[in-house]
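A.B. asks: Right, I'll just put the structure down here and ask away after.
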Amino acid sequence: MKSSLSARLAEAINNQINAELWSAYLYLSMSMDQEAKGNKGIANWFFIQFQEEQDHVRIFMNYLNSRGCEVKLLPIAEVKTEWESPLAAFEDTLAHEQKVTALINNLMNIAQEDKDYASISMLNWFVDEQVEEEENARDIIDVLDKISDNKFGLYSYDRELAARVYTTPSPLATAE
Ligand code: MG
């Protein structure tokens with residue numbers, strides 16, 4: 001199949017697939033760490049985050065395939081396995097999502113330089129998604145900050161985060 005994307009953009013999206021896989025791995029690690037500490041609701045929240053990152057991978061892979069580009073999977077780097085508190089895990093989450101936002105913005109810059117309108121349209125979903133990702137992390141940090149080391153507060157909030165459910169993102173829901 002002949003690619004209809006610039007080589008530079010195709011490579012940058014291929015690298016983004018690796019970044020999203022690393023994100024998935026990071027959140028799975030956070031989920032397992034919280035599980036080990038008995039915070040099942042927070043573990044659930046991170047597990048859903050892990051699922052969402054795999055969706056991001058699929059969206060980018062589907063896109064490269066639809067533009068006639070080959071996906072080349074790269075090694076996934078090691079992740080941290082333990083956080084000193086739920087707050088520390090969410091602070092790392094926010095910092096990580098801010099980095100991902102910068103990566104998405106960089107992809108958008110390349111797509112705009114290429115005047116590749118299809119890629120701009122695909123990336124718009126990720127631009128909006130990143131606003132939500134950062135907001136979610138910030139909101140949870142605010143609550144955990146208030147709870148501080150109040151054990152009952154953490155117990156109650158953990159039960160609240162247990163209610164988070166997975167939903168298929170719109171780019172995948174319409175593709176099937
Ligand atoms: Mg992502």
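Letters for chains follow the order of the structure tokens (A, B, ...), residue numbers begin at 1 for each chain, and ligand numbers begin at 1 in the order shown.
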7 Å from ligand 1 is the threshold here; counting only C-alpha atoms and all ligand atoms, which polymer residues fall inside it? Answer as a ChimeraX atom specification.

C.D. replies: /A:20,23,53,56,100

A.B. asks: Determine, counting only C-alpha atoms, which protein, DNA and RNA residues have an atom within 12 Å of an atom of Cys69 (chain A); residues of the same chain fewer than 6 positions away are not included. Present the result as number ranges by chain.

C.D. replies: A: 1-14, 60-63

A.B. asks: Hey, which of A:Ser66, A:Lys115, A:Asn39, A:Leu21 ends up closest to Tyr155 (chain A)? Count only C-alpha atoms.

C.D. replies: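 Closest candidate: A:Asn39.
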
A.B. asks: Find the spatial neighbours of Ile141 (chain A), counting only C-alpha atoms, within a cut-off of 12 Å - ignore same-chain residues fewer than 5 positions away - and output them as an MDAnalysis selection string.

C.D. replies: chainID A and resid 85:95 134:136 146:148 157

A.B. asks: Now that the selection is made, can you save its residues with N, CA, C and O atoms as a PDB file, in the first residue's frame?

C.D. replies:
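Contents of out_17.pdb, freshly written:
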```pdb
ATOM      1  N   SER A  85       2.267   7.436  47.862  1.00  0.00           N
ATOM      2  CA  SER A  85       0.882   7.704  48.264  1.00  0.00           C
ATOM      3  C   SER A  85       0.028   7.815  47.007  1.00  0.00           C
ATOM      4  O   SER A  85       0.563   8.029  45.915  1.00  0.00           O
ATOM      5  N   PRO A  86      -1.325   7.717  47.156  1.00  0.00           N
ATOM      6  CA  PRO A  86      -2.176   7.955  45.987  1.00  0.00           C
ATOM      7  C   PRO A  86      -1.930   9.353  45.409  1.00  0.00           C
ATOM      8  O   PRO A  86      -1.892   9.534  44.195  1.00  0.00           O
ATOM      9  N   LEU A  87      -1.725  10.345  46.285  1.00  0.00           N
ATOM     10  CA  LEU A  87      -1.472  11.713  45.814  1.00  0.00           C
ATOM     11  C   LEU A  87      -0.236  11.756  44.914  1.00  0.00           C
ATOM     12  O   LEU A  87      -0.268  12.383  43.849  1.00  0.00           O
ATOM     13  N   ALA A  88       0.821  11.058  45.328  1.00  0.00           N
ATOM     14  CA  ALA A  88       2.056  11.036  44.519  1.00  0.00           C
ATOM     15  C   ALA A  88       1.789  10.416  43.149  1.00  0.00           C
ATOM     16  O   ALA A  88       2.310  10.895  42.123  1.00  0.00           O
ATOM     17  N   ALA A  89       0.958   9.374  43.105  1.00  0.00           N
ATOM     18  CA  ALA A  89       0.631   8.726  41.821  1.00  0.00           C
ATOM     19  C   ALA A  89      -0.135   9.690  40.915  1.00  0.00           C
ATOM     20  O   ALA A  89       0.136   9.776  39.714  1.00  0.00           O
ATOM     21  N   PHE A  90      -1.079  10.438  41.492  1.00  0.00           N
ATOM     22  CA  PHE A  90      -1.848  11.376  40.668  1.00  0.00           C
ATOM     23  C   PHE A  90      -1.034  12.600  40.266  1.00  0.00           C
ATOM     24  O   PHE A  90      -1.265  13.174  39.190  1.00  0.00           O
ATOM     25  N   GLU A  91      -0.065  12.974  41.106  1.00  0.00           N
ATOM     26  CA  GLU A  91       0.825  14.073  40.703  1.00  0.00           C
ATOM     27  C   GLU A  91       1.680  13.638  39.511  1.00  0.00           C
ATOM     28  O   GLU A  91       1.893  14.403  38.572  1.00  0.00           O
ATOM     29  N   ASP A  92       2.129  12.383  39.542  1.00  0.00           N
ATOM     30  CA  ASP A  92       2.882  11.838  38.394  1.00  0.00           C
ATOM     31  C   ASP A  92       1.979  11.738  37.164  1.00  0.00           C
ATOM     32  O   ASP A  92       2.427  11.948  36.041  1.00  0.00           O
ATOM     33  N   THR A  93       0.707  11.405  37.403  1.00  0.00           N
ATOM     34  CA  THR A  93      -0.266  11.314  36.299  1.00  0.00           C
ATOM     35  C   THR A  93      -0.410  12.658  35.602  1.00  0.00           C
ATOM     36  O   THR A  93      -0.337  12.743  34.372  1.00  0.00           O
ATOM     37  N   LEU A  94      -0.584  13.712  36.397  1.00  0.00           N
ATOM     38  CA  LEU A  94      -0.744  15.057  35.821  1.00  0.00           C
ATOM     39  C   LEU A  94       0.508  15.462  35.038  1.00  0.00           C
ATOM     40  O   LEU A  94       0.419  15.922  33.896  1.00  0.00           O
ATOM     41  N   ALA A  95       1.677  15.240  35.650  1.00  0.00           N
ATOM     42  CA  ALA A  95       2.939  15.604  34.976  1.00  0.00           C
ATOM     43  C   ALA A  95       3.083  14.819  33.673  1.00  0.00           C
ATOM     44  O   ALA A  95       3.498  15.373  32.643  1.00  0.00           O
ATOM     45  N   GLU A 134      -5.964  16.104  31.706  1.00  0.00           N
ATOM     46  CA  GLU A 134      -5.302  16.974  32.685  1.00  0.00           C
ATOM     47  C   GLU A 134      -6.297  17.434  33.747  1.00  0.00           C
ATOM     48  O   GLU A 134      -5.965  17.494  34.933  1.00  0.00           O
ATOM     49  N   GLU A 135      -7.526  17.741  33.315  1.00  0.00           N
ATOM     50  CA  GLU A 135      -8.551  18.184  34.266  1.00  0.00           C
ATOM     51  C   GLU A 135      -8.868  17.080  35.277  1.00  0.00           C
ATOM     52  O   GLU A 135      -8.966  17.344  36.483  1.00  0.00           O
ATOM     53  N   ASN A 136      -9.032  15.843  34.790  1.00  0.00           N
ATOM     54  CA  ASN A 136      -9.318  14.716  35.684  1.00  0.00           C
ATOM     55  C   ASN A 136      -8.245  14.565  36.752  1.00  0.00           C
ATOM     56  O   ASN A 136      -8.549  14.407  37.938  1.00  0.00           O
ATOM     57  N   LYS A 146      -7.040  17.698  50.003  1.00  0.00           N
ATOM     58  CA  LYS A 146      -7.927  18.049  51.119  1.00  0.00           C
ATOM     59  C   LYS A 146      -7.975  16.922  52.148  1.00  0.00           C
ATOM     60  O   LYS A 146      -8.003  17.165  53.348  1.00  0.00           O
ATOM     61  N   ILE A 147      -8.023  15.687  51.650  1.00  0.00           N
ATOM     62  CA  ILE A 147      -8.091  14.532  52.553  1.00  0.00           C
ATOM     63  C   ILE A 147      -6.812  14.423  53.374  1.00  0.00           C
ATOM     64  O   ILE A 147      -6.827  14.061  54.531  1.00  0.00           O
ATOM     65  N   SER A 148      -5.690  14.767  52.732  1.00  0.00           N
ATOM     66  CA  SER A 148      -4.358  14.667  53.328  1.00  0.00           C
ATOM     67  C   SER A 148      -4.147  13.251  53.885  1.00  0.00           C
ATOM     68  O   SER A 148      -4.267  12.299  53.128  1.00  0.00           O
ATOM     69  N   TYR A 157     -13.264   8.215  49.531  1.00  0.00           N
ATOM     70  CA  TYR A 157     -12.935   8.640  48.169  1.00  0.00           C
ATOM     71  C   TYR A 157     -12.565   7.439  47.297  1.00  0.00           C
ATOM     72  O   TYR A 157     -12.885   7.397  46.104  1.00  0.00           O
TER      73      TYR A 157
END
```

A.B. asks: Taking into account only C-alpha atoms, which residue in the set A:Asn15, A:Asp158, A:Asn150, A:Asp128 is nearest to Gln34 (chain A)?

C.D. replies: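 Checking each candidate against Gln34 (chain A), we get A:Asp158 as the closest.
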
A.B. asks: Could you state the separation of CA of His96 (chain A) and CA of Ala24 (chain A) in Å, given to one decimal place?

C.D. replies: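 Value for the CA of His96 (chain A)-CA of Ala24 (chain A) distance: 11.5 Å.
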
A.B. asks: Mind dumping a table of every region 90-111 of chain A residue within 12 Å of region 120-124 of chain A, with the nearest atom pair and its distance in Å to one decimal, using only C-alpha atoms, sorted by chain and rising number, as CSV?

C.D. replies:
```
residue,atom,partner,partner_atom,distance
A:Thr101,CA,A:Leu123,CA,11.2
A:Leu103,CA,A:Leu123,CA,11.1
A:Ile104,CA,A:Leu123,CA,7.4
A:Asn105,CA,A:Leu123,CA,8.8
A:Asn106,CA,A:Leu123,CA,10.5
A:Leu107,CA,A:Leu123,CA,7.7
A:Met108,CA,A:Ile120,CA,6.3
A:Asn109,CA,A:Ile120,CA,9.0
A:Ile110,CA,A:Ile120,CA,9.3
A:Ala111,CA,A:Ile120,CA,5.9
```

A.B. asks: When you draw a straight line from CA of Tyr25 (chain A) to CA of Phe50 (chain A), how long is it in Å?

C.D. replies: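 Rounded to one decimal, the two atoms are 7.0 Å apart.
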